[in-house]
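Here's structure.pdb, which has PDB, N, CA and C atoms:
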```pdb
ATOM      1  N   MET A   1      43.161 -22.683   3.778
ATOM      2  CA  MET A   1      41.953 -21.884   3.957
ATOM      3  C   MET A   1      40.969 -22.127   2.817
ATOM      4  N   ILE A   2      41.483 -22.101   1.587
ATOM      5  CA  ILE A   2      40.608 -22.320   0.430
ATOM      6  C   ILE A   2      40.037 -23.731   0.466
ATOM      7  N   ARG A   3      40.853 -24.691   0.882
ATOM      8  CA  ARG A   3      40.393 -26.075   0.965
ATOM      9  C   ARG A   3      39.264 -26.204   1.995
ATOM     10  N   LEU A   4      39.398 -25.539   3.142
ATOM     11  CA  LEU A   4      38.372 -25.559   4.177
ATOM     12  C   LEU A   4      37.074 -24.936   3.672
ATOM     13  N   LEU A   5      37.170 -23.841   2.934
ATOM     14  CA  LEU A   5      35.994 -23.187   2.360
ATOM     15  C   LEU A   5      35.310 -24.107   1.362
ATOM     16  N   ALA A   6      36.073 -24.799   0.542
ATOM     17  CA  ALA A   6      35.503 -25.715  -0.449
ATOM     18  C   ALA A   6      34.766 -26.863   0.232
ATOM     19  N   ILE A   7      35.324 -27.377   1.323
ATOM     20  CA  ILE A   7      34.666 -28.460   2.056
ATOM     21  C   ILE A   7      33.362 -27.955   2.674
ATOM     22  N   PHE A   8      33.382 -26.751   3.243
ATOM     23  CA  PHE A   8      32.190 -26.162   3.847
ATOM     24  C   PHE A   8      31.097 -25.960   2.807
ATOM     25  N   LEU A   9      31.445 -25.397   1.654
ATOM     26  CA  LEU A   9      30.454 -25.163   0.603
ATOM     27  C   LEU A   9      29.909 -26.472   0.054
ATOM     28  N   GLY A  10      30.755 -27.475  -0.037
ATOM     29  CA  GLY A  10      30.300 -28.794  -0.484
ATOM     30  C   GLY A  10      29.311 -29.402   0.486
ATOM     31  N   ALA A  11      29.564 -29.225   1.784
ATOM     32  CA  ALA A  11      28.643 -29.745   2.798
ATOM     33  C   ALA A  11      27.302 -29.019   2.740
ATOM     34  N   LEU A  12      27.322 -27.714   2.479
ATOM     35  CA  LEU A  12      26.070 -26.962   2.359
ATOM     36  C   LEU A  12      25.222 -27.460   1.202
ATOM     37  N   ALA A  13      25.867 -27.870   0.129
ATOM     38  CA  ALA A  13      25.128 -28.359  -1.036
ATOM     39  C   ALA A  13      24.352 -29.633  -0.724
ATOM     40  N   LEU A  14      24.784 -30.377   0.269
ATOM     41  CA  LEU A  14      24.107 -31.621   0.628
ATOM     42  C   LEU A  14      22.903 -31.418   1.535
ATOM     43  N   LEU A  15      22.762 -30.232   2.117
ATOM     44  CA  LEU A  15      21.620 -29.962   2.984
ATOM     45  C   LEU A  15      20.334 -29.893   2.175
ATOM     46  N   PRO A  16      19.241 -30.449   2.693
ATOM     47  CA  PRO A  16      17.974 -30.366   1.956
ATOM     48  C   PRO A  16      17.467 -28.924   1.920
ATOM     49  N   ALA A  17      16.747 -28.616   0.878
ATOM     50  CA  ALA A  17      16.164 -27.277   0.732
ATOM     51  C   ALA A  17      15.115 -27.056   1.816
ATOM     52  N   GLN A  18      15.044 -25.850   2.318
ATOM     53  CA  GLN A  18      14.101 -25.503   3.377
ATOM     54  C   GLN A  18      12.879 -24.826   2.749
ATOM     55  N   THR A  19      12.203 -25.517   1.840
ATOM     56  CA  THR A  19      11.069 -24.936   1.135
ATOM     57  C   THR A  19       9.873 -25.875   1.168
ATOM     58  N   SER A  20       8.796 -25.360   0.631
ATOM     59  CA  SER A  20       7.565 -26.118   0.476
ATOM     60  C   SER A  20       7.010 -25.778  -0.901
ATOM     61  N   SER A  21       5.809 -26.169  -1.175
ATOM     62  CA  SER A  21       5.138 -25.793  -2.421
ATOM     63  C   SER A  21       3.641 -25.739  -2.150
ATOM     64  N   LEU A  22       2.940 -25.103  -3.063
ATOM     65  CA  LEU A  22       1.493 -24.981  -2.924
ATOM     66  C   LEU A  22       0.870 -25.265  -4.279
ATOM     67  N   THR A  23      -0.094 -26.168  -4.298
ATOM     68  CA  THR A  23      -0.847 -26.467  -5.507
ATOM     69  C   THR A  23      -2.320 -26.298  -5.201
ATOM     70  N   GLY A  24      -3.114 -26.224  -6.252
ATOM     71  CA  GLY A  24      -4.546 -26.111  -6.042
ATOM     72  C   GLY A  24      -5.314 -26.132  -7.336
ATOM     73  N   THR A  25      -6.616 -26.079  -7.201
ATOM     74  CA  THR A  25      -7.524 -26.090  -8.335
ATOM     75  C   THR A  25      -8.632 -25.078  -8.079
ATOM     76  N   VAL A  26      -8.964 -24.316  -9.110
ATOM     77  CA  VAL A  26     -10.062 -23.355  -9.019
ATOM     78  C   VAL A  26     -11.239 -23.911  -9.806
ATOM     79  N   THR A  27     -12.385 -24.032  -9.126
ATOM     80  CA  THR A  27     -13.603 -24.514  -9.782
ATOM     81  C   THR A  27     -14.743 -23.558  -9.484
ATOM     82  N   ASP A  28     -15.809 -23.683 -10.282
ATOM     83  CA  ASP A  28     -17.004 -22.886 -10.004
ATOM     84  C   ASP A  28     -17.939 -23.689  -9.106
ATOM     85  N   ASP A  29     -19.105 -23.134  -8.803
ATOM     86  CA  ASP A  29     -20.021 -23.806  -7.874
ATOM     87  C   ASP A  29     -20.637 -25.078  -8.451
ATOM     88  N   GLN A  30     -20.422 -25.330  -9.746
ATOM     89  CA  GLN A  30     -20.890 -26.569 -10.373
ATOM     90  C   GLN A  30     -19.773 -27.613 -10.472
ATOM     91  N   GLY A  31     -18.556 -27.229 -10.039
ATOM     92  CA  GLY A  31     -17.422 -28.148 -10.086
ATOM     93  C   GLY A  31     -16.612 -28.070 -11.369
ATOM     94  N   ALA A  32     -16.974 -27.145 -12.275
ATOM     95  CA  ALA A  32     -16.227 -26.997 -13.529
ATOM     96  C   ALA A  32     -14.964 -26.177 -13.297
ATOM     97  N   ALA A  33     -13.912 -26.514 -14.008
ATOM     98  CA  ALA A  33     -12.642 -25.787 -13.909
ATOM     99  C   ALA A  33     -12.830 -24.336 -14.348
ATOM    100  N   VAL A  34     -12.122 -23.429 -13.688
ATOM    101  CA  VAL A  34     -12.151 -22.014 -14.056
ATOM    102  C   VAL A  34     -10.734 -21.618 -14.465
ATOM    103  N   PRO A  35     -10.446 -21.664 -15.782
ATOM    104  CA  PRO A  35      -9.101 -21.324 -16.253
ATOM    105  C   PRO A  35      -8.840 -19.821 -16.193
ATOM    106  N   GLU A  36      -7.556 -19.490 -16.250
ATOM    107  CA  GLU A  36      -7.097 -18.099 -16.290
ATOM    108  C   GLU A  36      -7.607 -17.264 -15.118
ATOM    109  N   THR A  37      -7.704 -17.891 -13.960
ATOM    110  CA  THR A  37      -8.034 -17.185 -12.727
ATOM    111  C   THR A  37      -6.736 -16.685 -12.110
ATOM    112  N   ALA A  38      -6.703 -15.428 -11.696
ATOM    113  CA  ALA A  38      -5.513 -14.870 -11.046
ATOM    114  C   ALA A  38      -5.461 -15.375  -9.610
ATOM    115  N   VAL A  39      -4.424 -16.135  -9.297
ATOM    116  CA  VAL A  39      -4.240 -16.673  -7.953
ATOM    117  C   VAL A  39      -3.016 -15.993  -7.354
ATOM    118  N   THR A  40      -3.210 -15.358  -6.201
ATOM    119  CA  THR A  40      -2.123 -14.670  -5.510
ATOM    120  C   THR A  40      -1.929 -15.300  -4.142
ATOM    121  N   VAL A  41      -0.685 -15.611  -3.796
ATOM    122  CA  VAL A  41      -0.362 -16.087  -2.454
ATOM    123  C   VAL A  41       0.484 -15.016  -1.779
ATOM    124  N   THR A  42       0.094 -14.662  -0.564
ATOM    125  CA  THR A  42       0.786 -13.621   0.197
ATOM    126  C   THR A  42       1.228 -14.188   1.532
ATOM    127  N   ASN A  43       2.516 -14.060   1.830
ATOM    128  CA  ASN A  43       3.051 -14.488   3.113
ATOM    129  C   ASN A  43       2.557 -13.500   4.173
ATOM    130  N   LEU A  44       1.838 -13.986   5.161
ATOM    131  CA  LEU A  44       1.227 -13.118   6.168
ATOM    132  C   LEU A  44       2.240 -12.528   7.148
ATOM    133  N   ASP A  45       3.441 -13.099   7.201
ATOM    134  CA  ASP A  45       4.468 -12.582   8.108
ATOM    135  C   ASP A  45       5.366 -11.547   7.434
ATOM    136  N   THR A  46       5.597 -11.707   6.116
ATOM    137  CA  THR A  46       6.529 -10.805   5.408
ATOM    138  C   THR A  46       5.846  -9.910   4.383
ATOM    139  N   SER A  47       4.604 -10.201   4.038
ATOM    140  CA  SER A  47       3.834  -9.504   2.990
ATOM    141  C   SER A  47       4.352  -9.763   1.584
ATOM    142  N   ALA A  48       5.321 -10.652   1.424
ATOM    143  CA  ALA A  48       5.800 -11.023   0.088
ATOM    144  C   ALA A  48       4.690 -11.789  -0.630
ATOM    145  N   SER A  49       4.515 -11.518  -1.926
ATOM    146  CA  SER A  49       3.453 -12.200  -2.660
ATOM    147  C   SER A  49       3.936 -12.660  -4.026
ATOM    148  N   ARG A  50       3.238 -13.676  -4.533
ATOM    149  CA  ARG A  50       3.473 -14.205  -5.879
ATOM    150  C   ARG A  50       2.118 -14.415  -6.535
ATOM    151  N   MET A  51       2.074 -14.252  -7.873
ATOM    152  CA  MET A  51       0.824 -14.406  -8.607
ATOM    153  C   MET A  51       1.043 -15.363  -9.774
ATOM    154  N   SER A  52       0.000 -16.119 -10.079
ATOM    155  CA  SER A  52       0.011 -17.031 -11.216
ATOM    156  C   SER A  52      -1.418 -17.140 -11.740
ATOM    157  N   LEU A  53      -1.554 -17.585 -12.972
ATOM    158  CA  LEU A  53      -2.877 -17.852 -13.546
ATOM    159  C   LEU A  53      -3.135 -19.348 -13.543
ATOM    160  N   SER A  54      -4.381 -19.725 -13.263
ATOM    161  CA  SER A  54      -4.730 -21.138 -13.332
ATOM    162  C   SER A  54      -4.694 -21.585 -14.799
ATOM    163  N   ASP A  55      -4.356 -22.850 -15.005
ATOM    164  CA  ASP A  55      -4.253 -23.392 -16.363
ATOM    165  C   ASP A  55      -5.635 -23.788 -16.897
ATOM    166  N   PRO A  56      -5.734 -24.378 -18.095
ATOM    167  CA  PRO A  56      -7.051 -24.736 -18.649
ATOM    168  C   PRO A  56      -7.867 -25.707 -17.799
ATOM    169  N   THR A  57      -7.199 -26.447 -16.906
ATOM    170  CA  THR A  57      -7.927 -27.366 -16.022
ATOM    171  C   THR A  57      -8.235 -26.725 -14.669
ATOM    172  N   GLY A  58      -7.903 -25.433 -14.508
ATOM    173  CA  GLY A  58      -8.133 -24.724 -13.254
ATOM    174  C   GLY A  58      -7.010 -24.896 -12.245
ATOM    175  N   ALA A  59      -5.977 -25.639 -12.606
ATOM    176  CA  ALA A  59      -4.884 -25.932 -11.672
ATOM    177  C   ALA A  59      -3.885 -24.775 -11.608
ATOM    178  N   PHE A  60      -3.289 -24.619 -10.424
ATOM    179  CA  PHE A  60      -2.204 -23.660 -10.248
ATOM    180  C   PHE A  60      -1.137 -24.291  -9.370
ATOM    181  N   ARG A  61       0.081 -23.751  -9.462
ATOM    182  CA  ARG A  61       1.211 -24.315  -8.716
ATOM    183  C   ARG A  61       2.187 -23.207  -8.362
ATOM    184  N   PHE A  62       2.632 -23.224  -7.121
ATOM    185  CA  PHE A  62       3.661 -22.312  -6.635
ATOM    186  C   PHE A  62       4.779 -23.160  -6.025
ATOM    187  N   PRO A  63       5.827 -23.460  -6.802
ATOM    188  CA  PRO A  63       6.933 -24.256  -6.259
ATOM    189  C   PRO A  63       7.890 -23.376  -5.441
ATOM    190  N   GLN A  64       8.738 -24.024  -4.677
ATOM    191  CA  GLN A  64       9.804 -23.349  -3.930
ATOM    192  C   GLN A  64       9.303 -22.195  -3.063
ATOM    193  N   MET A  65       8.307 -22.472  -2.243
ATOM    194  CA  MET A  65       7.753 -21.465  -1.333
ATOM    195  C   MET A  65       8.419 -21.607   0.034
ATOM    196  N   PRO A  66       8.842 -20.491   0.636
ATOM    197  CA  PRO A  66       9.352 -20.574   2.003
ATOM    198  C   PRO A  66       8.229 -21.006   2.943
ATOM    199  N   PRO A  67       8.537 -21.768   3.980
ATOM    200  CA  PRO A  67       7.499 -22.140   4.934
ATOM    201  C   PRO A  67       6.923 -20.896   5.606
ATOM    202  N   GLY A  68       5.674 -20.975   6.009
ATOM    203  CA  GLY A  68       5.037 -19.853   6.688
ATOM    204  C   GLY A  68       3.539 -19.847   6.496
ATOM    205  N   ARG A  69       2.923 -18.776   6.994
ATOM    206  CA  ARG A  69       1.469 -18.600   6.879
ATOM    207  C   ARG A  69       1.181 -17.776   5.630
ATOM    208  N   TYR A  70       0.250 -18.256   4.807
ATOM    209  CA  TYR A  70      -0.089 -17.586   3.560
ATOM    210  C   TYR A  70      -1.584 -17.368   3.435
ATOM    211  N   GLN A  71      -1.936 -16.315   2.726
ATOM    212  CA  GLN A  71      -3.314 -16.121   2.291
ATOM    213  C   GLN A  71      -3.349 -16.396   0.799
ATOM    214  N   VAL A  72      -4.293 -17.231   0.388
ATOM    215  CA  VAL A  72      -4.484 -17.556  -1.025
ATOM    216  C   VAL A  72      -5.724 -16.807  -1.493
ATOM    217  N   GLU A  73      -5.582 -16.081  -2.596
ATOM    218  CA  GLU A  73      -6.683 -15.288  -3.135
ATOM    219  C   GLU A  73      -6.840 -15.632  -4.614
ATOM    220  N   ALA A  74      -8.055 -15.990  -5.023
ATOM    221  CA  ALA A  74      -8.355 -16.290  -6.421
ATOM    222  C   ALA A  74      -9.384 -15.285  -6.918
ATOM    223  N   GLN A  75      -9.050 -14.606  -8.017
ATOM    224  CA  GLN A  75      -9.936 -13.577  -8.566
ATOM    225  C   GLN A  75     -10.119 -13.774 -10.064
ATOM    226  N   LYS A  76     -11.369 -13.601 -10.491
ATOM    227  CA  LYS A  76     -11.689 -13.625 -11.921
ATOM    228  C   LYS A  76     -12.923 -12.756 -12.114
ATOM    229  N   PRO A  77     -12.915 -11.893 -13.137
ATOM    230  CA  PRO A  77     -14.095 -11.057 -13.389
ATOM    231  C   PRO A  77     -15.358 -11.912 -13.548
ATOM    232  N   GLY A  78     -16.439 -11.460 -12.925
ATOM    233  CA  GLY A  78     -17.704 -12.178 -12.970
ATOM    234  C   GLY A  78     -17.881 -13.175 -11.846
ATOM    235  N   PHE A  79     -16.840 -13.352 -11.014
ATOM    236  CA  PHE A  79     -16.893 -14.300  -9.899
ATOM    237  C   PHE A  79     -16.537 -13.583  -8.604
ATOM    238  N   ARG A  80     -17.048 -14.111  -7.504
ATOM    239  CA  ARG A  80     -16.656 -13.595  -6.193
ATOM    240  C   ARG A  80     -15.231 -14.048  -5.885
ATOM    241  N   THR A  81     -14.500 -13.237  -5.147
ATOM    242  CA  THR A  81     -13.128 -13.563  -4.774
ATOM    243  C   THR A  81     -13.112 -14.674  -3.735
ATOM    244  N   PHE A  82     -12.210 -15.629  -3.931
ATOM    245  CA  PHE A  82     -12.008 -16.733  -2.980
ATOM    246  C   PHE A  82     -10.800 -16.390  -2.116
ATOM    247  N   LEU A  83     -10.927 -16.533  -0.788
ATOM    248  CA  LEU A  83      -9.825 -16.310   0.154
ATOM    249  C   LEU A  83      -9.707 -17.503   1.090
ATOM    250  N   GLN A  84      -8.474 -17.926   1.330
ATOM    251  CA  GLN A  84      -8.232 -18.992   2.311
ATOM    252  C   GLN A  84      -6.815 -18.848   2.842
ATOM    253  N   GLN A  85      -6.642 -19.137   4.127
ATOM    254  CA  GLN A  85      -5.302 -19.141   4.709
ATOM    255  C   GLN A  85      -4.790 -20.566   4.785
ATOM    256  N   VAL A  86      -3.477 -20.693   4.598
ATOM    257  CA  VAL A  86      -2.837 -22.009   4.630
ATOM    258  C   VAL A  86      -1.476 -21.865   5.299
ATOM    259  N   GLN A  87      -1.067 -22.908   6.022
ATOM    260  CA  GLN A  87       0.244 -22.956   6.666
ATOM    261  C   GLN A  87       1.112 -23.916   5.863
ATOM    262  N   LEU A  88       2.223 -23.416   5.320
ATOM    263  CA  LEU A  88       3.156 -24.270   4.587
ATOM    264  C   LEU A  88       4.298 -24.662   5.510
ATOM    265  N   GLN A  89       4.637 -25.948   5.488
ATOM    266  CA  GLN A  89       5.718 -26.462   6.314
ATOM    267  C   GLN A  89       6.828 -27.000   5.426
ATOM    268  N   ILE A  90       8.030 -27.060   5.955
ATOM    269  CA  ILE A  90       9.194 -27.520   5.199
ATOM    270  C   ILE A  90       8.929 -28.913   4.640
ATOM    271  N   ASN A  91       9.197 -29.079   3.333
ATOM    272  CA  ASN A  91       9.082 -30.359   2.627
ATOM    273  C   ASN A  91       7.701 -31.007   2.738
ATOM    274  N   THR A  92       6.677 -30.211   3.017
ATOM    275  CA  THR A  92       5.304 -30.714   3.086
ATOM    276  C   THR A  92       4.441 -29.851   2.179
ATOM    277  N   PRO A  93       4.154 -30.325   0.965
ATOM    278  CA  PRO A  93       3.364 -29.506   0.043
ATOM    279  C   PRO A  93       1.975 -29.188   0.593
ATOM    280  N   GLY A  94       1.513 -27.982   0.312
ATOM    281  CA  GLY A  94       0.163 -27.582   0.674
ATOM    282  C   GLY A  94      -0.746 -27.687  -0.537
ATOM    283  N   HIS A  95      -2.046 -27.830  -0.299
ATOM    284  CA  HIS A  95      -3.017 -27.912  -1.397
ATOM    285  C   HIS A  95      -4.270 -27.127  -1.009
ATOM    286  N   VAL A  96      -4.778 -26.378  -1.977
ATOM    287  CA  VAL A  96      -5.993 -25.587  -1.785
ATOM    288  C   VAL A  96      -6.944 -25.891  -2.932
ATOM    289  N   SER A  97      -8.191 -26.161  -2.616
ATOM    290  CA  SER A  97      -9.231 -26.296  -3.628
ATOM    291  C   SER A  97     -10.160 -25.101  -3.458
ATOM    292  N   GLY A  98     -10.076 -24.165  -4.389
ATOM    293  CA  GLY A  98     -10.863 -22.942  -4.292
ATOM    294  C   GLY A  98     -12.084 -22.984  -5.169
ATOM    295  N   GLU A  99     -13.208 -22.589  -4.613
ATOM    296  CA  GLU A  99     -14.443 -22.505  -5.383
ATOM    297  C   GLU A  99     -14.826 -21.044  -5.516
ATOM    298  N   VAL A 100     -14.881 -20.568  -6.759
ATOM    299  CA  VAL A 100     -15.321 -19.205  -7.010
ATOM    300  C   VAL A 100     -16.768 -19.277  -7.475
ATOM    301  N   ARG A 101     -17.594 -18.396  -6.954
ATOM    302  CA  ARG A 101     -19.028 -18.410  -7.283
ATOM    303  C   ARG A 101     -19.365 -17.244  -8.200
ATOM    304  N   ASP A 102     -20.309 -17.507  -9.091
ATOM    305  CA  ASP A 102     -20.785 -16.439  -9.973
ATOM    306  C   ASP A 102     -21.328 -15.283  -9.169
ATOM    307  N   ARG A 103     -21.105 -14.086  -9.681
ATOM    308  CA  ARG A 103     -21.732 -12.888  -9.100
ATOM    309  C   ARG A 103     -23.073 -12.709  -9.775
ATOM    310  N   PRO A 104     -24.142 -12.548  -9.015
ATOM    311  CA  PRO A 104     -25.452 -12.338  -9.632
ATOM    312  C   PRO A 104     -25.451 -11.087 -10.506
ATOM    313  N   GLY A 105     -26.060 -11.198 -11.662
ATOM    314  CA  GLY A 105     -26.196 -10.054 -12.534
ATOM    315  C   GLY A 105     -24.996  -9.769 -13.411
ATOM    316  N   GLU A 106     -23.997 -10.630 -13.387
ATOM    317  CA  GLU A 106     -22.824 -10.400 -14.253
ATOM    318  C   GLU A 106     -22.684 -11.506 -15.265
TER
END
```

For the structure just supplied, provide its representation as structure tokens.
Amino acid sequence: MIRLLAIFLGALALLPAQTSSLTGTVTDDQGAAVPETAVTVTNLDTSASRMSLSDPTGAFRFPQMPPGRYQVEAQKPGFRTFLQQVQLQINTPGHVSGEVRDRPGE
């Protein structure tokens, strides 16, 4: 019995991961990188969400994402919020290029 369980668990380890990933870049309306932008991805089917900040080049990355429909939201004070939906598929990375625009008067 233990031997059968060990063989089964070993076979499971060989199966490919059922995940995807999402990368992107946040820029302003002039094409300049917008660092430290809060980027949130929310699974539209489960409402599960993850948040990250864009790096100094405006890039963000969400590895090991379950496949599904997501809403990507980028927020930074002084800029309008960017929203986009994306479909992530198994072993097919998604990419979003978000442009946040200045808010007039801020």

As number ranges by chain, list the residues of segment 4-106 of chain A assigned to helix (DSSP H, G or I) by DSSP on the backbone atoms of this structure.
A: 4-14

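Our summary of the geometry notes that atom CA of Pro63 of chain A is positioned 8.9 Å from atom CA of Pro93 of chain A.
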
Considering only N, CA and C atoms, return as a PyMOL selection string whatever protein or nucleic-acid residues lie within 5 Å of Thr42 of chain A, sequence-local ones (same chain, fewer than 6 positions apart) excluded.
chain A and resi 48-49+70-71

Report the residues retrieved by the PyMOL selection byres (((chain A and resi 21 and name CA) around 12) and name CA) from the displayed file, expressed as a count of residues only.
29

Residue members of the PyMOL selection byres (((chain A and resi 81 and name CA) around 10) and name CA) in the file shown, as a ChimeraX atom specification
/A:38-39,73-80,82-83,98-103

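The space between atom N of Val26 of chain A and atom N of Arg50 of chain A spans 16.8 Å.
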
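Picture a line from atom C of Pro35 of chain A to atom CA of Val72 of chain A; it runs 15.9 Å.
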
Identify all residues of chain A in strand (DSSP E) (DSSP on the backbone) and supply them as a ChimeraX atom specification.
/A:20-27,38-43,49-53,59-65,68-75,82-88,94-99

Please, could you write that set of residues out with N, CA and C atoms as a compact mmCIF listing (two decimals), keeping the file's coordinate frame?
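File again02.txt, as written:
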```txt
# COMPACT_ATOMS: atom_id res chain seq x y z
N SER A 20 8.80 -25.36 0.63
CA SER A 20 7.56 -26.12 0.48
C SER A 20 7.01 -25.78 -0.90
N SER A 21 5.81 -26.17 -1.18
CA SER A 21 5.14 -25.79 -2.42
C SER A 21 3.64 -25.74 -2.15
N LEU A 22 2.94 -25.10 -3.06
CA LEU A 22 1.49 -24.98 -2.92
C LEU A 22 0.87 -25.26 -4.28
N THR A 23 -0.09 -26.17 -4.30
CA THR A 23 -0.85 -26.47 -5.51
C THR A 23 -2.32 -26.30 -5.20
N GLY A 24 -3.11 -26.22 -6.25
CA GLY A 24 -4.55 -26.11 -6.04
C GLY A 24 -5.31 -26.13 -7.34
N THR A 25 -6.62 -26.08 -7.20
CA THR A 25 -7.52 -26.09 -8.34
C THR A 25 -8.63 -25.08 -8.08
N VAL A 26 -8.96 -24.32 -9.11
CA VAL A 26 -10.06 -23.36 -9.02
C VAL A 26 -11.24 -23.91 -9.81
N THR A 27 -12.38 -24.03 -9.13
CA THR A 27 -13.60 -24.51 -9.78
C THR A 27 -14.74 -23.56 -9.48
N ALA A 38 -6.70 -15.43 -11.70
CA ALA A 38 -5.51 -14.87 -11.05
C ALA A 38 -5.46 -15.38 -9.61
N VAL A 39 -4.42 -16.14 -9.30
CA VAL A 39 -4.24 -16.67 -7.95
C VAL A 39 -3.02 -15.99 -7.35
N THR A 40 -3.21 -15.36 -6.20
CA THR A 40 -2.12 -14.67 -5.51
C THR A 40 -1.93 -15.30 -4.14
N VAL A 41 -0.68 -15.61 -3.80
CA VAL A 41 -0.36 -16.09 -2.45
C VAL A 41 0.48 -15.02 -1.78
N THR A 42 0.09 -14.66 -0.56
CA THR A 42 0.79 -13.62 0.20
C THR A 42 1.23 -14.19 1.53
N ASN A 43 2.52 -14.06 1.83
CA ASN A 43 3.05 -14.49 3.11
C ASN A 43 2.56 -13.50 4.17
N SER A 49 4.51 -11.52 -1.93
CA SER A 49 3.45 -12.20 -2.66
C SER A 49 3.94 -12.66 -4.03
N ARG A 50 3.24 -13.68 -4.53
CA ARG A 50 3.47 -14.20 -5.88
C ARG A 50 2.12 -14.42 -6.54
N MET A 51 2.07 -14.25 -7.87
CA MET A 51 0.82 -14.41 -8.61
C MET A 51 1.04 -15.36 -9.77
N SER A 52 0.00 -16.12 -10.08
CA SER A 52 0.01 -17.03 -11.22
C SER A 52 -1.42 -17.14 -11.74
N LEU A 53 -1.55 -17.58 -12.97
CA LEU A 53 -2.88 -17.85 -13.55
C LEU A 53 -3.14 -19.35 -13.54
N ALA A 59 -5.98 -25.64 -12.61
CA ALA A 59 -4.88 -25.93 -11.67
C ALA A 59 -3.88 -24.78 -11.61
N PHE A 60 -3.29 -24.62 -10.42
CA PHE A 60 -2.20 -23.66 -10.25
C PHE A 60 -1.14 -24.29 -9.37
N ARG A 61 0.08 -23.75 -9.46
CA ARG A 61 1.21 -24.32 -8.72
C ARG A 61 2.19 -23.21 -8.36
N PHE A 62 2.63 -23.22 -7.12
CA PHE A 62 3.66 -22.31 -6.64
C PHE A 62 4.78 -23.16 -6.02
N PRO A 63 5.83 -23.46 -6.80
CA PRO A 63 6.93 -24.26 -6.26
C PRO A 63 7.89 -23.38 -5.44
N GLN A 64 8.74 -24.02 -4.68
CA GLN A 64 9.80 -23.35 -3.93
C GLN A 64 9.30 -22.20 -3.06
N MET A 65 8.31 -22.47 -2.24
CA MET A 65 7.75 -21.46 -1.33
C MET A 65 8.42 -21.61 0.03
N GLY A 68 5.67 -20.98 6.01
CA GLY A 68 5.04 -19.85 6.69
C GLY A 68 3.54 -19.85 6.50
N ARG A 69 2.92 -18.78 6.99
CA ARG A 69 1.47 -18.60 6.88
C ARG A 69 1.18 -17.78 5.63
N TYR A 70 0.25 -18.26 4.81
CA TYR A 70 -0.09 -17.59 3.56
C TYR A 70 -1.58 -17.37 3.44
N GLN A 71 -1.94 -16.32 2.73
CA GLN A 71 -3.31 -16.12 2.29
C GLN A 71 -3.35 -16.40 0.80
N VAL A 72 -4.29 -17.23 0.39
CA VAL A 72 -4.48 -17.56 -1.02
C VAL A 72 -5.72 -16.81 -1.49
N GLU A 73 -5.58 -16.08 -2.60
CA GLU A 73 -6.68 -15.29 -3.14
C GLU A 73 -6.84 -15.63 -4.61
N ALA A 74 -8.06 -15.99 -5.02
CA ALA A 74 -8.36 -16.29 -6.42
C ALA A 74 -9.38 -15.28 -6.92
N GLN A 75 -9.05 -14.61 -8.02
CA GLN A 75 -9.94 -13.58 -8.57
C GLN A 75 -10.12 -13.77 -10.06
N PHE A 82 -12.21 -15.63 -3.93
CA PHE A 82 -12.01 -16.73 -2.98
C PHE A 82 -10.80 -16.39 -2.12
N LEU A 83 -10.93 -16.53 -0.79
CA LEU A 83 -9.82 -16.31 0.15
C LEU A 83 -9.71 -17.50 1.09
N GLN A 84 -8.47 -17.93 1.33
CA GLN A 84 -8.23 -18.99 2.31
C GLN A 84 -6.82 -18.85 2.84
N GLN A 85 -6.64 -19.14 4.13
CA GLN A 85 -5.30 -19.14 4.71
C GLN A 85 -4.79 -20.57 4.78
N VAL A 86 -3.48 -20.69 4.60
CA VAL A 86 -2.84 -22.01 4.63
C VAL A 86 -1.48 -21.86 5.30
N GLN A 87 -1.07 -22.91 6.02
CA GLN A 87 0.24 -22.96 6.67
C GLN A 87 1.11 -23.92 5.86
N LEU A 88 2.22 -23.42 5.32
CA LEU A 88 3.16 -24.27 4.59
C LEU A 88 4.30 -24.66 5.51
N GLY A 94 1.51 -27.98 0.31
CA GLY A 94 0.16 -27.58 0.67
C GLY A 94 -0.75 -27.69 -0.54
N HIS A 95 -2.05 -27.83 -0.30
CA HIS A 95 -3.02 -27.91 -1.40
C HIS A 95 -4.27 -27.13 -1.01
N VAL A 96 -4.78 -26.38 -1.98
CA VAL A 96 -5.99 -25.59 -1.78
C VAL A 96 -6.94 -25.89 -2.93
N SER A 97 -8.19 -26.16 -2.62
CA SER A 97 -9.23 -26.30 -3.63
C SER A 97 -10.16 -25.10 -3.46
N GLY A 98 -10.08 -24.16 -4.39
CA GLY A 98 -10.86 -22.94 -4.29
C GLY A 98 -12.08 -22.98 -5.17
N GLU A 99 -13.21 -22.59 -4.61
CA GLU A 99 -14.44 -22.50 -5.38
C GLU A 99 -14.83 -21.04 -5.52
```

Taking the point (-4.0, -18.1, -13.5) as given in the file, collect each protein or nucleic acid residue that comes within 6 Å of it, counting only C-alpha atoms, and present the set as a PyMOL selection string.
chain A and resi 36-39+52-54

To test the calculation: enclose all listed atoms of segment 89-95 of chain A in a box whose edges run along x, y and z, add 4 Å on each side, then state centre and edge lengths in Å to one decimal, as lines of an AutoDock Vina configuration file.
```
center_x = 2.5
center_y = -28.5
center_z = 2.5
size_x = 21.5
size_y = 13.1
size_z = 15.7
```
